[in-house]
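J.: entry_22.cif is reproduced below (mmCIF, C-alpha atoms).
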data_start
loop_
_atom_site.label_atom_id
_atom_site.label_comp_id
_atom_site.auth_asym_id
_atom_site.auth_seq_id
_atom_site.Cartn_x
_atom_site.Cartn_y
_atom_site.Cartn_z
CA MET A 598 -7.51 3.28 16.66
CA ARG A 599 -7.23 0.24 14.42
CA THR A 600 -7.80 0.18 10.70
CA ASP A 601 -6.86 -1.98 7.74
CA ASN A 602 -7.88 -2.77 4.17
CA ARG A 603 -8.43 -6.53 4.31
CA GLN A 604 -11.80 -6.28 2.56
CA VAL A 605 -10.10 -5.45 -0.78
CA LYS A 606 -8.32 -8.82 -0.96
CA ASN A 607 -11.10 -10.52 -2.91
CA THR A 608 -11.27 -7.60 -5.33
CA VAL A 609 -7.52 -7.72 -5.92
CA ILE A 610 -7.58 -11.48 -6.54
CA SER A 611 -10.45 -10.99 -9.00
CA ILE A 612 -8.54 -8.29 -10.89
CA TYR A 613 -5.43 -10.50 -11.05
CA PHE A 614 -7.56 -13.33 -12.44
CA ILE A 615 -9.21 -11.06 -15.02
CA LEU A 616 -5.83 -9.69 -16.16
CA ILE A 617 -4.37 -13.18 -16.58
CA VAL A 618 -7.44 -14.49 -18.43
CA PHE A 619 -7.42 -11.39 -20.63
CA ALA A 620 -3.74 -11.92 -21.51
CA ILE A 621 -4.33 -15.61 -22.36
CA LEU A 622 -7.40 -14.71 -24.40
CA LEU A 623 -5.50 -12.04 -26.31
CA PHE A 624 -2.69 -14.47 -27.00
CA THR A 625 -4.96 -17.20 -28.35
CA VAL A 626 -7.15 -14.85 -30.39
CA PHE A 627 -4.22 -13.01 -31.94
CA ARG A 628 -2.47 -16.30 -32.64
CA SER A 629 -5.44 -17.86 -34.44
CA ILE A 630 -6.47 -14.75 -36.37
CA ASP A 631 -3.87 -12.63 -38.07
CA LEU A 632 -5.49 -9.57 -36.56
CA PHE A 633 -3.01 -6.94 -35.36
CA SER A 634 -0.15 -9.29 -36.18
CA GLU A 635 2.40 -6.48 -36.41
CA HIS A 636 1.19 -4.83 -33.18
CA THR A 637 0.79 -7.97 -31.04
CA ILE A 638 4.00 -7.41 -29.10
CA TYR A 639 2.85 -3.91 -28.09
CA ILE A 640 -0.47 -5.19 -26.84
CA PHE A 641 1.23 -7.84 -24.70
CA LEU A 642 3.72 -5.27 -23.45
CA VAL A 643 0.86 -3.01 -22.33
CA ALA A 644 -0.87 -5.95 -20.59
CA PHE A 645 2.39 -6.88 -18.84
CA VAL A 646 2.99 -3.28 -17.69
CA LEU A 647 -0.58 -3.11 -16.34
CA MET A 648 -0.03 -6.33 -14.41
CA VAL A 649 3.28 -5.12 -12.93
CA LEU A 650 1.77 -1.75 -12.02
CA PHE A 651 -1.20 -3.39 -10.33
CA HIS A 652 1.11 -5.75 -8.44
CA ALA A 653 3.13 -2.79 -7.14
CA VAL A 654 0.01 -0.98 -5.99
CA ALA A 655 -1.85 -3.91 -4.41
CA SER A 656 -0.81 -4.33 -0.81
CA TYR A 657 -2.35 -4.89 2.60
CA PHE A 658 -2.09 -2.03 5.13
CA GLU A 659 -2.79 -2.17 8.85
CA TYR A 660 -2.53 0.66 11.38
CA ASP A 661 -2.91 0.20 15.14
CA SER A 662 -2.45 3.09 17.55
CA ASP A 663 -4.09 1.52 20.61
CA GLY A 664 -1.81 1.58 23.62
CA GLU A 665 1.64 3.15 24.01
CA LYS A 666 3.06 1.53 20.88
CA ILE A 667 1.99 2.24 17.34
CA SER A 668 2.11 -0.63 14.86
CA VAL A 669 2.08 -0.17 11.08
CA ILE A 670 2.17 -3.17 8.73
CA ASN A 671 2.42 -3.38 4.94
CA LYS A 672 2.48 -6.67 3.05
CA GLY A 673 1.45 -8.18 -0.26
CA LEU A 674 -2.06 -9.48 -0.81
CA ILE A 675 -1.34 -12.54 -2.96
CA LEU A 676 0.28 -15.66 -1.42
CA THR A 677 0.93 -13.93 1.93
CA GLU A 678 -0.24 -16.99 3.85
CA TYR A 679 2.57 -19.01 2.27
CA ILE A 680 5.33 -16.52 1.42
CA ASN A 681 6.03 -13.23 3.20
CA TYR A 682 7.55 -11.59 0.17
CA ARG A 683 6.74 -7.91 0.73
CA GLU A 684 6.17 -7.52 4.45
CA LYS A 685 7.24 -4.36 6.21
CA GLN A 686 6.37 -3.92 9.86
CA VAL A 687 7.28 -1.06 12.18
CA GLU A 688 6.45 -0.71 15.86
CA PHE A 689 7.43 2.41 17.75
CA LEU A 690 6.52 4.38 20.85
CA ARG A 691 4.16 7.31 20.48
CA SER A 692 6.89 9.67 21.68
CA GLN A 693 9.17 8.63 18.80
CA LEU A 694 6.85 10.03 16.11
CA LEU A 695 8.15 13.38 14.81
CA GLY A 696 5.97 13.81 11.75
CA PHE A 697 4.27 12.21 8.79
CA LYS A 698 3.44 12.90 5.15
CA ILE A 699 0.80 11.41 2.93
CA ARG A 700 1.86 11.54 -0.71
CA ASP A 701 -0.86 11.23 -3.31
CA PHE A 702 0.33 10.40 -6.81
CA VAL A 703 -2.04 9.47 -9.62
CA VAL A 704 -2.02 5.69 -9.10
CA TYR A 705 -0.01 5.37 -5.86
CA LYS A 706 -0.46 6.76 -2.36
CA SER A 707 2.13 6.49 0.38
CA LEU A 708 2.40 7.25 4.06
CA ILE A 709 5.82 8.44 5.21
CA LEU A 710 6.47 8.32 8.96
CA ILE A 711 9.32 10.40 10.39
CA LEU A 712 10.61 8.68 13.52
CA ARG A 713 13.32 9.33 16.07
CA SER A 714 15.18 6.18 16.99
CA SER A 715 16.46 5.41 20.49
CA ASP A 716 19.97 6.61 19.59
CA GLY A 717 18.64 10.01 18.45
CA ASN A 718 18.81 9.48 14.68
CA VAL A 719 15.88 10.47 12.51
CA ARG A 720 14.61 7.93 10.00
CA GLN A 721 11.77 7.72 7.52
CA GLU A 722 9.55 4.70 6.95
CA ARG A 723 7.39 4.50 3.80
CA PHE A 724 4.14 2.52 3.53
CA ASN A 725 1.82 1.87 0.59
CA ILE A 726 -1.73 3.06 1.37
CA THR A 727 -3.10 3.04 -2.17
CA LEU A 728 -5.95 0.61 -1.52
CA LEU A 729 -6.93 2.21 1.80
CA LYS A 730 -10.28 3.96 1.49
CA ARG A 731 -10.37 7.76 1.70
CA ARG A 732 -12.30 7.70 4.98
CA LYS A 733 -9.73 5.40 6.60
CA ARG A 734 -6.85 7.54 5.28
CA ARG A 735 -8.51 10.51 6.98
CA TYR A 736 -8.75 8.55 10.25
CA VAL A 737 -5.06 7.63 10.06
CA ARG A 738 -4.18 11.27 9.35
CA GLN A 739 -6.26 12.46 12.32
CA SER A 740 -4.75 9.86 14.65
CA LEU A 741 -1.18 10.70 13.67
CA GLY A 742 -1.96 14.43 13.93
CA LYS A 743 -3.24 13.97 17.47
CA ILE A 744 -0.14 12.01 18.45
CA ILE A 745 2.19 14.70 17.06
CA LYS A 746 0.18 17.44 18.77
CA GLN A 747 0.42 15.54 22.07
CA ASN A 748 4.18 15.03 21.60
CA LYS A 749 4.69 18.78 21.01
CA LYS A 750 2.58 19.59 24.07
CA ASN A 751 4.58 17.15 26.22
CA LYS A 752 7.87 18.56 24.89
CA GLN A 753 6.87 22.15 25.73
CA GLY A 754 5.65 21.11 29.17
CA LYS A 755 9.04 19.66 30.19
#
Go ahead and express the file in the form of structure tokens.
T.:
Amino acid sequence: MRTDNRQVKNTVISIYFILIVFAILLFTVFRSIDLFSEHTIYIFLVAFVLMVLFHAVASYFEYDSDGEKISVINKGLILTEYINYREKQVEFLRSQLLGFKIRDFVVYKSLILILRSSDGNVRQERFNITLLKRRKRRYVRQSLGKIIKQNKKNKQGK
């Protein structure tokens, strides 16, 4: 199964643009009118925190479980054609998957994969799935559940 969230890229770019225009508009309006002059720094601080929070949440996610290898990719949505600044890519065999968790916080959702490496160590890989639609998150959960069930069945059969 293959799934990704590439269709949200235009939405994310639009939100970035709106946030930047809103910050510039606030700056010029508050500068020209002495409205909220003592609270201006707090308003800009809130706008900056919103921008940083949105930047942390906005990322591209791709999941591919076709074939013997599973590929999971996370990377930023802005400037990824020019700079790979937040790319995380993991490829592993189906038999290396031990478990997974999907954490759902208020504004952030993550997928944690528990993998066994070739030398026997267990490691965890974390991926941002915040902008992945609920239906696609369910598909990823079902796919990973099937793989774990198959791994347990193969382990008991040996």
J.: I'd like the residues picked by the PyMOL selection byres ((chain A and resi 722-735) around 6) written out as a list in words, using the chain letters and numbers from the file.
T.: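 Matching residues under the PyMOL selection byres ((chain A and resi 722-735) around 6) are Asn602, Tyr705, Lys706, Ser707, Leu708, Ile709, Leu710, Gln721, Tyr736, Val737 and Arg738 of chain A.
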J.: Next, write the just-selected residues to a file, as an mmCIF file, in the frame of the given file, keeping C-alpha atoms as the atom set.
T.:
data_model
loop_
_atom_site.group_PDB
_atom_site.id
_atom_site.type_symbol
_atom_site.label_atom_id
_atom_site.label_comp_id
_atom_site.auth_asym_id
_atom_site.auth_seq_id
_atom_site.Cartn_x
_atom_site.Cartn_y
_atom_site.Cartn_z
ATOM 1 C CA ASN A 602 -7.880 -2.770 4.170
ATOM 2 C CA TYR A 705 -0.010 5.370 -5.860
ATOM 3 C CA LYS A 706 -0.460 6.760 -2.360
ATOM 4 C CA SER A 707 2.130 6.490 0.380
ATOM 5 C CA LEU A 708 2.400 7.250 4.060
ATOM 6 C CA ILE A 709 5.820 8.440 5.210
ATOM 7 C CA LEU A 710 6.470 8.320 8.960
ATOM 8 C CA GLN A 721 11.770 7.720 7.520
ATOM 9 C CA TYR A 736 -8.750 8.550 10.250
ATOM 10 C CA VAL A 737 -5.060 7.630 10.060
ATOM 11 C CA ARG A 738 -4.180 11.270 9.350
#
J.: Check the smallest atom-to-atom distance from each of A:Val649, A:Val609, A:Leu622, A:Leu690 to Ile667 of chain A using only C-alpha atoms, then report the winner.
T.: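 Looking only at the distances to Ile667 of chain A, the closest residue turns out to be A:Leu690.
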J.: Kindly indicate which residue among A:Val643, A:Ile612, A:Ala655, A:Ile744 lies nearest to Leu694 of chain A, using all atoms listed in the file for the distances.
T.: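 Of the candidates, the smallest distance to Leu694 of chain A is held by A:Ile744.
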J.: To test your reading of the syntax: which residues would the PyMOL selection byres ((chain A and resi 714) around 12) return for the file shown? Reply as JSON, numbers by chain.
T.: {"A": [687, 688, 689, 690, 691, 692, 693, 694, 695, 711, 712, 713, 715, 716, 717, 718, 719, 720, 721, 722]}
J.: Apply the PyMOL selection byres ((chain A and resi 603) around 10) to the file shown and report the selected residues as number ranges by chain.
T.: A: 600-602, 604-607, 656-659, 674, 728-729
J.: Which one of A:Ala653, A:Val704, A:Val669, A:Val626 sits closest to Leu741 of chain A if you count all atoms listed in the file?
T.: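 Among A:Ala653, A:Val704, A:Val669, A:Val626, it is A:Val669 that comes nearest to Leu741 of chain A.
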J.: Suppose you want the space between atom CA of Glu665 of chain A and atom CA of Lys743 of chain A; what is it in Å?
T.: 13.6 Å
J.: Between atom CA of Ile670 of chain A and atom CA of Lys685 of chain A, measure the distance and give it in Å to one decimal.
T.: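 These atoms are spaced 5.8 Å apart.
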J.: Need the neighbours of (-7.3, -5.7, -11.2): which residues are at most 10 Å away, counting all atoms listed in the file, as a PyMOL selection string?
T.: chain A and resi 608-617+647-648+650-652+655
J.: By how many Å are atom CA of Phe641 of chain A and atom CA of Ile680 of chain A apart?
T.: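 Distance reported for this atom pair: 27.8 Å.
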